[in-house]
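Shown next: model_0.txt, containing compact mmCIF, C-alpha atoms.
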```txt
# COMPACT_ATOMS: atom_id res chain seq x y z
CA MET A 224 41.59 -27.32 -26.75
CA ASN A 225 43.87 -25.48 -24.31
CA HIS A 226 44.47 -26.42 -20.69
CA ASP A 227 41.98 -23.91 -19.22
CA GLU A 228 39.18 -25.05 -21.53
CA HIS A 229 39.82 -28.66 -20.54
CA GLU A 230 39.80 -27.66 -16.87
CA TRP A 231 36.48 -25.79 -17.34
CA LEU A 232 34.94 -28.89 -18.95
CA MET A 233 36.12 -31.00 -16.00
CA GLN A 234 34.51 -28.57 -13.57
CA GLU A 235 31.23 -28.61 -15.49
CA SER A 236 31.32 -32.39 -15.81
CA ALA A 237 31.69 -32.70 -12.01
CA LEU A 238 28.74 -30.33 -11.57
CA ARG A 239 26.52 -32.29 -13.99
CA ASP A 240 27.38 -35.56 -12.21
CA ALA A 241 26.61 -34.05 -8.80
CA ARG A 242 23.26 -32.69 -10.03
CA ALA A 243 22.39 -36.08 -11.49
CA GLY A 244 23.52 -37.80 -8.27
CA ARG A 245 25.88 -40.18 -10.08
CA ALA A 246 29.53 -41.12 -9.57
CA PRO A 247 32.14 -39.03 -11.44
CA THR A 248 32.11 -39.95 -15.14
CA ASP A 249 35.54 -38.37 -15.59
CA PRO A 250 38.01 -39.83 -13.01
CA SER A 251 40.36 -36.88 -13.47
CA ALA A 252 37.56 -34.59 -12.23
CA ALA A 253 37.32 -36.37 -8.85
CA GLY A 254 38.91 -33.39 -7.05
CA TYR A 255 36.31 -31.10 -8.54
CA ARG A 256 33.52 -33.44 -7.43
CA ALA A 257 34.47 -32.87 -3.77
CA VAL A 258 34.48 -29.11 -4.40
CA VAL A 259 31.10 -29.22 -6.14
CA ASP A 260 29.55 -31.32 -3.34
CA ALA A 261 30.73 -28.79 -0.75
CA LEU A 262 29.38 -25.89 -2.82
CA ARG A 263 25.98 -27.56 -3.09
CA THR A 264 25.60 -27.60 0.70
CA ALA A 265 23.51 -24.74 2.10
CA PRO A 266 25.28 -22.39 4.49
CA ALA A 267 24.07 -22.88 8.05
CA PRO A 268 22.18 -21.70 10.01
CA ALA A 269 19.06 -20.71 8.09
CA LEU A 270 16.52 -17.98 8.81
CA PRO A 271 14.12 -18.58 11.73
CA VAL A 272 11.06 -20.69 10.82
CA ASP A 273 8.64 -17.85 11.61
CA PHE A 274 10.64 -15.28 9.59
CA ALA A 275 7.99 -14.95 6.86
CA VAL A 276 5.10 -14.63 9.35
CA ARG A 277 6.88 -11.98 11.41
CA LEU A 278 7.95 -10.01 8.35
CA ALA A 279 4.43 -10.07 6.88
CA ARG A 280 3.10 -8.83 10.24
CA THR A 281 5.68 -5.99 10.29
CA VAL A 282 4.72 -4.95 6.76
CA ALA A 283 0.99 -5.02 7.61
CA ALA A 284 1.56 -2.93 10.77
CA GLN A 285 3.63 -0.42 8.79
CA ALA A 286 0.92 -0.19 6.12
CA GLU A 287 -1.72 0.44 8.81
CA LEU A 288 0.47 3.17 10.35
CA ASP A 289 0.92 4.80 6.94
CA ALA A 290 -2.81 4.65 6.23
CA ARG A 291 -3.62 6.19 9.63
CA PHE A 292 -1.08 8.97 9.04
CA GLU A 293 -2.60 9.62 5.61
CA ARG A 294 -6.13 9.79 7.05
CA ARG A 295 -4.99 12.25 9.72
CA LEU A 296 -3.16 14.34 7.16
CA VAL A 297 -6.24 14.54 4.92
CA GLY A 298 -8.42 15.39 7.95
CA GLY A 299 -6.01 18.18 8.96
CA LEU A 300 -6.00 19.62 5.45
CA VAL A 301 -9.82 19.57 5.24
CA LEU A 302 -10.01 21.32 8.63
CA ALA A 303 -7.46 23.96 7.55
CA PHE A 304 -9.40 24.55 4.34
CA ALA A 305 -12.70 24.92 6.27
CA LEU A 306 -11.12 27.40 8.70
CA ALA A 307 -9.68 29.40 5.80
CA LEU A 308 -13.14 29.47 4.20
CA VAL A 309 -14.75 30.71 7.41
CA VAL A 310 -12.13 33.45 7.76
CA ALA A 311 -12.64 34.47 4.12
CA VAL A 312 -16.44 34.61 4.52
CA VAL A 313 -16.24 36.58 7.78
CA SER A 314 -13.74 39.11 6.45
CA GLY A 315 -15.15 39.84 2.99
CA GLY A 316 -18.19 37.63 2.64
CA GLY A 317 -20.86 40.38 2.89
CA ALA A 318 -19.67 42.23 -0.16
CA SER A 319 -19.24 39.00 -2.16
CA LEU A 320 -22.76 37.84 -1.26
CA ARG A 321 -24.30 41.15 -2.33
CA ALA A 322 -22.40 40.95 -5.66
CA LEU A 323 -23.57 37.33 -6.13
CA ALA A 324 -27.19 38.22 -5.31
CA ALA A 325 -27.08 40.98 -7.90
CA LEU A 326 -26.01 38.46 -10.56
CA VAL A 327 -28.89 35.98 -9.95
CA PRO A 328 -32.28 37.47 -10.91
CA GLY A 329 -34.96 37.13 -8.19
CA ALA A 330 -32.50 35.97 -5.50
CA SER A 331 -32.27 38.10 -2.41
CA HIS A 332 -29.49 38.37 0.16
CA ALA A 333 -31.60 36.26 2.57
CA THR A 334 -31.87 33.42 0.00
CA PHE A 335 -28.08 33.10 -0.07
CA ASN A 336 -27.91 33.24 3.72
CA TRP A 337 -30.27 30.25 3.95
CA LEU A 338 -28.41 28.42 1.20
CA PHE A 339 -25.07 28.81 3.02
CA ALA A 340 -26.63 27.83 6.34
CA ALA A 341 -27.94 24.61 4.72
CA LEU A 342 -24.51 23.86 3.22
CA ALA A 343 -22.85 24.44 6.61
CA CYS A 344 -25.33 21.98 8.22
CA VAL A 345 -24.51 19.33 5.63
CA ALA A 346 -20.75 19.86 6.13
CA VAL A 347 -21.01 19.67 9.93
CA SER A 348 -23.15 16.47 9.84
CA TRP A 349 -20.75 14.86 7.33
CA THR A 350 -17.75 15.72 9.53
CA MET A 351 -19.46 14.45 12.70
CA GLY A 352 -20.43 11.27 10.87
CA ARG A 353 -16.83 10.63 9.79
CA LEU A 354 -15.25 10.97 13.25
CA PRO A 355 -16.94 8.06 15.10
CA MET A 356 -16.76 5.89 11.95
CA SER A 357 -12.93 6.08 11.67
CA ALA A 358 -12.51 5.53 15.44
CA GLY A 359 -14.83 2.50 15.26
CA SER A 360 -13.02 0.96 12.28
CA THR A 361 -9.66 1.34 14.05
CA ARG A 362 -11.09 -0.41 17.10
CA ARG A 363 -12.45 -3.24 14.98
CA ARG A 364 -9.05 -3.72 13.28
CA SER A 365 -7.18 -3.75 16.59
CA ASP A 366 -9.64 -6.38 17.88
CA LEU A 367 -8.65 -8.60 14.97
CA ASP A 368 -4.94 -8.21 15.77
CA MET B 98 52.71 -13.33 -17.13
CA ARG B 99 49.76 -13.07 -19.51
CA ASP B 100 47.64 -14.88 -16.91
CA ALA B 101 48.64 -12.35 -14.23
CA VAL B 102 47.76 -9.41 -16.48
CA ALA B 103 44.40 -10.99 -17.34
CA ARG B 104 43.65 -11.52 -13.67
CA ARG B 105 44.61 -7.93 -12.81
CA ARG B 106 42.26 -6.74 -15.56
CA LEU B 107 39.50 -8.94 -14.17
CA ALA B 108 40.05 -7.60 -10.66
CA LEU B 109 39.91 -4.01 -11.90
CA ALA B 110 36.78 -4.69 -13.95
CA THR B 111 35.13 -6.30 -10.95
CA VAL B 112 36.07 -3.64 -8.42
CA GLY B 113 34.97 -0.89 -10.78
CA ALA B 114 31.70 -2.58 -11.73
CA PRO B 115 28.64 -0.33 -11.78
CA GLY B 116 26.01 -0.60 -9.07
CA VAL B 117 23.03 -2.88 -9.43
CA SER B 118 20.08 -1.33 -11.20
CA LEU B 119 16.58 -2.60 -10.49
CA SER B 120 15.65 -2.73 -14.16
CA PRO B 121 15.64 -6.26 -15.52
CA MET B 122 17.70 -6.87 -18.66
CA ILE B 123 17.74 -10.61 -19.22
CA ASP B 124 15.71 -12.47 -21.77
CA SER B 125 13.84 -15.11 -19.72
CA PRO B 126 10.54 -13.54 -18.66
CA ALA B 127 8.57 -14.12 -15.47
CA SER B 128 6.34 -17.18 -15.23
CA ALA B 129 2.56 -16.97 -14.81
CA ASP B 130 3.02 -17.99 -11.17
CA ASP B 131 5.44 -15.09 -10.62
CA ARG B 132 2.96 -12.63 -12.10
CA ALA B 133 0.07 -14.04 -10.09
CA LEU B 134 2.06 -13.81 -6.86
CA VAL B 135 3.18 -10.24 -7.58
CA ASP B 136 -0.39 -9.20 -8.44
CA ALA B 137 -1.65 -10.78 -5.22
CA VAL B 138 0.93 -8.90 -3.13
CA LEU B 139 0.29 -5.61 -4.89
CA SER B 140 -3.47 -5.91 -4.41
CA GLY B 141 -2.87 -6.58 -0.70
CA ARG B 142 -4.36 -10.09 -0.68
CA ALA B 143 -4.10 -11.72 2.76
CA GLY B 144 -1.08 -14.03 3.10
CA ALA B 145 0.37 -13.18 -0.32
CA PHE B 146 3.46 -11.36 0.94
CA GLU B 147 4.07 -14.08 3.51
CA ARG B 148 3.95 -16.65 0.67
CA LEU B 149 6.45 -14.60 -1.35
CA VAL B 150 8.85 -14.39 1.60
CA ARG B 151 8.49 -18.11 2.34
CA GLU B 152 9.18 -18.93 -1.31
CA TYR B 153 12.36 -16.86 -1.63
CA GLN B 154 13.79 -16.59 1.90
CA GLY B 155 16.22 -19.45 1.22
CA LEU B 156 17.63 -17.73 -1.85
CA CYS B 157 17.88 -14.41 0.00
CA TRP B 158 19.68 -16.12 2.89
CA HIS B 159 22.18 -17.78 0.54
CA VAL B 160 23.03 -14.52 -1.21
CA VAL B 161 23.31 -12.36 1.91
CA GLN B 162 24.96 -14.97 4.12
CA ARG B 163 27.62 -15.69 1.50
CA MET B 164 28.29 -11.98 1.18
CA VAL B 165 28.43 -10.90 4.84
CA ARG B 166 28.99 -14.24 6.72
CA HIS B 167 27.59 -12.85 9.98
CA PRO B 168 24.32 -14.59 11.05
CA GLU B 169 22.90 -11.61 12.97
CA ASP B 170 23.71 -9.14 10.17
CA THR B 171 22.37 -11.62 7.62
CA ARG B 172 19.01 -11.84 9.39
CA GLU B 173 18.71 -8.04 9.52
CA LEU B 174 19.78 -7.61 5.91
CA CYS B 175 17.34 -10.30 4.73
CA GLN B 176 14.59 -8.40 6.50
CA GLU B 177 15.75 -5.16 4.89
CA ALA B 178 15.85 -6.86 1.48
CA PHE B 179 12.28 -8.14 1.75
CA LEU B 180 11.02 -4.78 3.02
CA ARG B 181 12.64 -3.24 -0.04
CA VAL B 182 11.04 -5.89 -2.23
CA HIS B 183 7.64 -4.98 -0.74
CA GLN B 184 8.32 -1.28 -1.25
CA CYS B 185 9.56 -1.60 -4.86
CA LEU B 186 7.44 -4.50 -6.12
CA HIS B 187 5.37 -2.13 -8.27
CA GLN B 188 8.61 -1.49 -10.23
CA TYR B 189 8.91 -5.18 -11.15
CA ARG B 190 8.15 -5.42 -14.89
CA ALA B 191 7.99 -9.23 -15.17
CA GLU B 192 10.69 -9.19 -17.87
CA SER B 193 12.89 -11.43 -15.71
CA PRO B 194 12.02 -14.25 -13.27
CA LEU B 195 10.92 -12.98 -9.85
CA LYS B 196 13.63 -15.17 -8.29
CA SER B 197 16.31 -13.26 -10.18
CA TRP B 198 14.78 -9.87 -9.29
CA ILE B 199 14.65 -10.73 -5.57
CA ALA B 200 18.22 -12.07 -5.64
CA GLN B 201 19.24 -8.79 -7.25
CA VAL B 202 17.65 -6.80 -4.43
CA ALA B 203 19.29 -9.05 -1.80
CA TYR B 204 22.68 -8.73 -3.52
CA SER B 205 22.34 -4.97 -3.71
CA VAL B 206 21.44 -4.71 0.02
CA ALA B 207 24.37 -6.95 1.04
CA LYS B 208 26.78 -5.12 -1.28
CA ARG B 209 25.83 -1.75 0.23
CA HIS B 210 26.40 -3.22 3.71
CA LEU B 211 29.91 -4.35 2.73
CA GLU B 212 30.67 -0.99 1.13
CA ARG B 213 29.60 0.83 4.31
CA ARG B 214 32.02 -1.35 6.27
CA ARG B 215 34.73 -0.88 3.63
CA ILE B 216 35.00 -4.63 3.05
CA PRO B 217 36.32 -5.33 -0.48
CA LEU B 218 33.80 -7.17 -2.61
CA ALA B 219 36.22 -8.97 -4.89
CA GLU B 220 39.76 -10.20 -4.66
CA VAL B 221 42.31 -7.55 -5.63
CA VAL B 222 45.09 -9.32 -7.46
CA GLY B 223 48.32 -7.47 -6.88
CA ASP B 224 51.48 -9.51 -7.15
CA GLY B 225 50.29 -12.04 -9.74
CA ASP B 226 51.62 -15.04 -7.82
CA GLY B 227 48.28 -16.79 -8.07
CA LEU B 228 47.86 -17.13 -4.31
CA SER B 229 44.66 -16.10 -2.59
CA ALA B 230 42.99 -16.21 0.83
CA ALA B 231 41.60 -19.67 0.00
CA ASP B 232 45.11 -20.95 -0.64
CA GLY B 233 46.18 -20.01 2.87
CA VAL B 234 43.47 -22.13 4.45
CA ALA B 235 45.56 -25.29 4.20
CA ASP B 236 48.04 -23.75 6.63
CA ALA B 237 45.40 -22.51 9.07
CA PHE B 238 43.33 -25.72 9.08
CA ASP B 239 44.12 -28.27 11.77
CA LEU B 240 45.72 -30.98 9.65
CA GLU B 241 46.48 -33.21 12.65
CA SER B 242 42.81 -33.76 13.37
CA ALA B 243 41.56 -33.63 9.82
CA HIS B 244 41.25 -36.95 8.04
CA GLY B 245 38.65 -38.56 5.80
CA GLU B 246 35.84 -37.25 3.62
CA GLY B 247 33.96 -35.42 6.39
CA GLU B 248 37.09 -33.48 7.19
CA ASP B 249 37.67 -32.76 3.50
CA ALA B 250 34.20 -31.24 3.35
CA ALA B 251 34.86 -29.21 6.51
CA PHE B 252 38.15 -28.04 5.03
CA LEU B 253 36.42 -27.02 1.79
CA HIS B 254 33.76 -25.08 3.71
CA THR B 255 36.51 -23.20 5.51
CA ALA B 256 38.21 -22.55 2.17
CA ILE B 257 34.93 -21.32 0.64
CA ASP B 258 34.47 -18.95 3.60
CA ALA B 259 37.98 -17.60 2.96
CA LEU B 260 37.11 -16.56 -0.60
CA PRO B 261 36.15 -12.92 -1.23
CA PRO B 262 32.39 -12.11 -0.93
CA LEU B 263 31.73 -11.85 -4.67
CA GLN B 264 33.35 -15.19 -5.49
CA ARG B 265 31.48 -16.92 -2.63
CA THR B 266 28.18 -15.51 -3.84
CA VAL B 267 28.74 -16.37 -7.49
CA LEU B 268 29.66 -19.95 -6.56
CA THR B 269 26.58 -20.29 -4.34
CA LEU B 270 24.16 -18.89 -6.92
CA TYR B 271 25.57 -21.23 -9.58
CA HIS B 272 25.95 -24.41 -7.55
CA LEU B 273 23.39 -24.24 -4.75
CA ASP B 274 20.60 -22.15 -6.30
CA GLU B 275 21.37 -23.52 -9.78
CA LEU B 276 20.96 -20.16 -11.52
CA PRO B 277 22.33 -19.89 -15.07
CA ILE B 278 25.36 -17.70 -15.69
CA GLY B 279 23.24 -15.11 -17.53
CA GLU B 280 21.00 -14.59 -14.50
CA ILE B 281 23.99 -14.35 -12.15
CA ALA B 282 25.46 -11.70 -14.44
CA HIS B 283 22.15 -9.83 -14.28
CA ILE B 284 21.99 -10.07 -10.47
CA THR B 285 25.55 -8.89 -9.89
CA GLY B 286 25.70 -6.37 -12.74
CA LEU B 287 28.83 -8.05 -14.14
CA ALA B 288 29.53 -9.44 -17.60
CA GLU B 289 28.92 -13.15 -18.23
CA GLY B 290 32.62 -13.59 -19.05
CA THR B 291 33.54 -12.14 -15.66
CA ILE B 292 31.15 -14.55 -13.90
CA LYS B 293 32.65 -17.49 -15.82
CA SER B 294 36.12 -16.34 -14.91
CA HIS B 295 35.20 -16.08 -11.22
CA LEU B 296 33.67 -19.56 -11.29
CA PHE B 297 36.65 -21.08 -13.05
CA ARG B 298 39.31 -19.49 -10.88
CA SER B 299 37.51 -20.05 -7.57
CA ARG B 300 36.82 -23.72 -8.27
CA ARG B 301 40.39 -24.27 -9.34
CA GLN B 302 41.66 -22.54 -6.19
CA LEU B 303 39.46 -24.74 -4.02
CA ARG B 304 40.50 -27.91 -5.86
CA ASP B 305 44.20 -26.97 -5.58
CA ALA B 306 43.84 -26.17 -1.88
CA LEU B 307 42.15 -29.54 -1.31
CA GLU B 308 44.85 -31.40 -3.23
CA ARG B 309 47.59 -29.63 -1.26
CA ARG B 310 45.84 -30.57 1.98
CA ILE B 311 45.49 -34.20 0.96
CA GLY B 312 49.14 -34.22 -0.10
CA VAL B 313 50.27 -32.76 3.24
CA ALA B 314 48.04 -35.10 5.25
CA ALA B 315 49.37 -38.13 3.35
```
Could you quickly redo this structure as structure tokens?
Amino acid sequence: MNHDEHEWLMQESALRDARAGRAPTDPSAAGYRAVVDALRTAPAPALPVDFAVRLARTVAAQAELDARFERRLVGGLVLAFALALVVAVVSGGGASLRALAALVPGASHATFNWLFAALACVAVSWTMGRLPMSAGSTRRRSDLD
Amino acid sequence: MRDAVARRRLALATVGAPGVSLSPMIDSPASADDRALVDAVLSGRAGAFERLVREYQGLCWHVVQRMVRHPEDTRELCQEAFLRVHQCLHQYRAESPLKSWIAQVAYSVAKRHLERRRIPLAEVVGDGDGLSAADGVADAFDLESAHGEGEDAAFLHTAIDALPPLQRTVLTLYHLDELPIGEIAHITGLAEGTIKSHLFRSRRQLRDALERRIGVAA
């Protein structure tokens, strides 16, 4: 065994003794015992006691912000799509409707008009129903905070 | 001479070590508790993330504090580390203990902080005379007022603080957090032999510095 290997064993022996809470078994490793005891002391000061609570609150607030941003983004995209649809129908809808009516036997132009009016009603009621619901849920969440 | 060459090689290997990857590579897998805690956090269960932080904030503090040594910076970096843990937890594959994965994130955050400030991570051995920052502590420490075991401990803490960030962190993970050498190698991205070498040399430096101090005081 060379000198470095012997030294390593002394260091490890001091560590084992310190972990077991017993006096040094190898008297020549006494110097290492003092080193090991110092290394086993936690660096001061520690994190604040409410660190975990505050961090969890920050993460929750960030997640809520992200979710709100996502909801607004989806709402904006739906609105943009609806506007694009309206523009498309107004600009070239008449010709498309006549072509569609010709494809379905027994369906007149008026039938499609009523069908689209009904779909528009459903879309408007769904949109109106969504708006107060999301505002209400945000209020409820902020009450909890 | 051979010792000096070996140390220079070690210093070069350490300075040129690759960055920490988030992919676990060690053999010991995560415990059932680790998996349950991770699942709870990922499913957004109330209080789960707070429990995770509470469980590992001590370890995170040890790693970051030993690296940067500045309490205010340490607090901010610990916060950054846990935010990153929360952000990347879905990448955790449970192939290593959660403790080791979180220590790896904390180490990586602290290492980046030091790199931004151009603070060297490891000791660069140049002249091969075997002296280091820790060896100079005996001169700087107030020997007139330092006697007894309490003062020895205070002296050793000063000497530990004088070691380079990597050595301080490796010593802390091994002695205070009682992590095995394999896990420390995984956390730091260094070879197990390099970790052993850091442990051996740093402990010997501290022991020598203490013996010199006791000799001078006597």
Contact residues (chain B, partner chain A, 7 Å, all atoms listed in the file) as a list in words: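 Applying the cut-off to the listed atoms yields Phe146, Glu147, Val150, Arg151, Trp158, His159, Arg172, Ala250, Leu253, His254, Thr269, His272, Leu273, Phe297, Leu303 and Arg304 of chain B.
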Would you work out the distance separating CA of Ile199 in chain B from CA of Pro262 in chain B, expressed in Å to one decimal?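 Straight-line distance from CA of Ile199 in chain B to CA of Pro262 in chain B works out to 18.4 Å.
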Students should find that CA of Gly298 in chain A and CA of Ala341 in chain A are spaced 21.8 Å
Could you jot down the CA of Ala305 in chain A to CA of Val345 in chain A separation for me, Å, one decimal place?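 Taking CA of Ala305 in chain A and CA of Val345 in chain A, their separation equals 13.1 Å.
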Using 6 Å of padding on each side, determine the axis-aligned box around all atoms of range 295-301 of chain B present in the file and give its centre and edge lengths in Å to one decimal, as lines of an AutoDock Vina configuration file.
```
center_x = 37.0
center_y = -20.2
center_z = -10.3
size_x = 18.7
size_y = 20.2
size_z = 17.5
```
From B:Asp131, B:Ser193, B:Glu173, B:Glu275, residue lying nearest Arg239 in chain A [only C-alpha atoms]: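 Smallest separation from Arg239 in chain A among the options: B:Glu275.
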Starting from the incomplete input, reconstruct N, CA and C atoms of range 283-311 of chain B and report them as a PDB file, in the frame of the given file.
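And here's result.pdb as it stands now:
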```
ATOM      1  N   HIS B 283      23.199 -10.844 -14.457  1.00  0.00           N
ATOM      2  CA  HIS B 283      22.150  -9.830 -14.280  1.00  0.00           C
ATOM      3  C   HIS B 283      22.060  -9.391 -12.824  1.00  0.00           C
ATOM      4  N   ILE B 284      22.115 -10.360 -11.909  1.00  0.00           N
ATOM      5  CA  ILE B 284      21.990 -10.070 -10.470  1.00  0.00           C
ATOM      6  C   ILE B 284      23.158  -9.208  -9.988  1.00  0.00           C
ATOM      7  N   THR B 285      24.361  -9.573 -10.409  1.00  0.00           N
ATOM      8  CA  THR B 285      25.550  -8.890  -9.890  1.00  0.00           C
ATOM      9  C   THR B 285      25.945  -7.666 -10.710  1.00  0.00           C
ATOM     10  N   GLY B 286      25.343  -7.513 -11.882  1.00  0.00           N
ATOM     11  CA  GLY B 286      25.700  -6.370 -12.740  1.00  0.00           C
ATOM     12  C   GLY B 286      27.044  -6.542 -13.415  1.00  0.00           C
ATOM     13  N   LEU B 287      27.530  -7.779 -13.492  1.00  0.00           N
ATOM     14  CA  LEU B 287      28.830  -8.050 -14.140  1.00  0.00           C
ATOM     15  C   LEU B 287      28.611  -8.758 -15.478  1.00  0.00           C
ATOM     16  N   ALA B 288      29.623  -8.767 -16.303  1.00  0.00           N
ATOM     17  CA  ALA B 288      29.530  -9.440 -17.600  1.00  0.00           C
ATOM     18  C   ALA B 288      29.557 -10.959 -17.407  1.00  0.00           C
ATOM     19  N   GLU B 289      28.943 -11.681 -18.340  1.00  0.00           N
ATOM     20  CA  GLU B 289      28.920 -13.150 -18.230  1.00  0.00           C
ATOM     21  C   GLU B 289      30.338 -13.723 -18.228  1.00  0.00           C
ATOM     22  N   GLY B 290      31.232 -13.123 -19.011  1.00  0.00           N
ATOM     23  CA  GLY B 290      32.620 -13.590 -19.050  1.00  0.00           C
ATOM     24  C   GLY B 290      33.291 -13.448 -17.690  1.00  0.00           C
ATOM     25  N   THR B 291      32.959 -12.362 -16.988  1.00  0.00           N
ATOM     26  CA  THR B 291      33.540 -12.140 -15.660  1.00  0.00           C
ATOM     27  C   THR B 291      33.022 -13.202 -14.680  1.00  0.00           C
ATOM     28  N   ILE B 292      31.732 -13.523 -14.787  1.00  0.00           N
ATOM     29  CA  ILE B 292      31.150 -14.550 -13.900  1.00  0.00           C
ATOM     30  C   ILE B 292      31.838 -15.898 -14.176  1.00  0.00           C
ATOM     31  N   LYS B 293      31.995 -16.226 -15.451  1.00  0.00           N
ATOM     32  CA  LYS B 293      32.650 -17.490 -15.820  1.00  0.00           C
ATOM     33  C   LYS B 293      34.066 -17.532 -15.263  1.00  0.00           C
ATOM     34  N   SER B 294      34.743 -16.410 -15.390  1.00  0.00           N
ATOM     35  CA  SER B 294      36.120 -16.340 -14.910  1.00  0.00           C
ATOM     36  C   SER B 294      36.189 -16.526 -13.389  1.00  0.00           C
ATOM     37  N   HIS B 295      35.247 -15.898 -12.673  1.00  0.00           N
ATOM     38  CA  HIS B 295      35.200 -16.080 -11.220  1.00  0.00           C
ATOM     39  C   HIS B 295      34.944 -17.541 -10.863  1.00  0.00           C
ATOM     40  N   LEU B 296      34.002 -18.160 -11.565  1.00  0.00           N
ATOM     41  CA  LEU B 296      33.670 -19.560 -11.290  1.00  0.00           C
ATOM     42  C   LEU B 296      34.895 -20.445 -11.523  1.00  0.00           C
ATOM     43  N   PHE B 297      35.507 -20.247 -12.659  1.00  0.00           N
ATOM     44  CA  PHE B 297      36.650 -21.080 -13.050  1.00  0.00           C
ATOM     45  C   PHE B 297      37.789 -20.952 -12.056  1.00  0.00           C
ATOM     46  N   ARG B 298      38.160 -19.712 -11.761  1.00  0.00           N
ATOM     47  CA  ARG B 298      39.310 -19.490 -10.880  1.00  0.00           C
ATOM     48  C   ARG B 298      39.033 -19.959  -9.452  1.00  0.00           C
ATOM     49  N   SER B 299      37.826 -19.673  -8.953  1.00  0.00           N
ATOM     50  CA  SER B 299      37.510 -20.050  -7.570  1.00  0.00           C
ATOM     51  C   SER B 299      37.490 -21.561  -7.407  1.00  0.00           C
ATOM     52  N   ARG B 300      36.885 -22.263  -8.377  1.00  0.00           N
ATOM     53  CA  ARG B 300      36.820 -23.720  -8.270  1.00  0.00           C
ATOM     54  C   ARG B 300      38.209 -24.334  -8.367  1.00  0.00           C
ATOM     55  N   ARG B 301      39.029 -23.747  -9.215  1.00  0.00           N
ATOM     56  CA  ARG B 301      40.390 -24.270  -9.340  1.00  0.00           C
ATOM     57  C   ARG B 301      41.178 -24.022  -8.048  1.00  0.00           C
ATOM     58  N   GLN B 302      40.991 -22.838  -7.465  1.00  0.00           N
ATOM     59  CA  GLN B 302      41.660 -22.540  -6.190  1.00  0.00           C
ATOM     60  C   GLN B 302      41.255 -23.536  -5.114  1.00  0.00           C
ATOM     61  N   LEU B 303      39.952 -23.819  -5.049  1.00  0.00           N
ATOM     62  CA  LEU B 303      39.460 -24.740  -4.020  1.00  0.00           C
ATOM     63  C   LEU B 303      39.998 -26.151  -4.263  1.00  0.00           C
ATOM     64  N   ARG B 304      39.978 -26.572  -5.526  1.00  0.00           N
ATOM     65  CA  ARG B 304      40.500 -27.910  -5.860  1.00  0.00           C
ATOM     66  C   ARG B 304      41.992 -28.004  -5.523  1.00  0.00           C
ATOM     67  N   ASP B 305      42.753 -26.965  -5.868  1.00  0.00           N
ATOM     68  CA  ASP B 305      44.200 -26.970  -5.580  1.00  0.00           C
ATOM     69  C   ASP B 305      44.457 -27.001  -4.076  1.00  0.00           C
ATOM     70  N   ALA B 306      43.656 -26.202  -3.340  1.00  0.00           N
ATOM     71  CA  ALA B 306      43.840 -26.170  -1.880  1.00  0.00           C
ATOM     72  C   ALA B 306      43.553 -27.546  -1.291  1.00  0.00           C
ATOM     73  N   LEU B 307      42.505 -28.203  -1.807  1.00  0.00           N
ATOM     74  CA  LEU B 307      42.150 -29.540  -1.310  1.00  0.00           C
ATOM     75  C   LEU B 307      43.264 -30.546  -1.629  1.00  0.00           C
ATOM     76  N   GLU B 308      43.790 -30.455  -2.846  1.00  0.00           N
ATOM     77  CA  GLU B 308      44.850 -31.400  -3.230  1.00  0.00           C
ATOM     78  C   GLU B 308      46.116 -31.190  -2.407  1.00  0.00           C
ATOM     79  N   ARG B 309      46.415 -29.920  -2.113  1.00  0.00           N
ATOM     80  CA  ARG B 309      47.590 -29.630  -1.260  1.00  0.00           C
ATOM     81  C   ARG B 309      47.386 -30.214   0.132  1.00  0.00           C
ATOM     82  N   ARG B 310      46.143 -30.065   0.639  1.00  0.00           N
ATOM     83  CA  ARG B 310      45.840 -30.570   1.980  1.00  0.00           C
ATOM     84  C   ARG B 310      45.982 -32.093   2.019  1.00  0.00           C
ATOM     85  N   ILE B 311      45.411 -32.727   1.000  1.00  0.00           N
ATOM     86  CA  ILE B 311      45.490 -34.200   0.960  1.00  0.00           C
ATOM     87  C   ILE B 311      46.953 -34.636   0.864  1.00  0.00           C
TER      88      ILE B 311
END
```
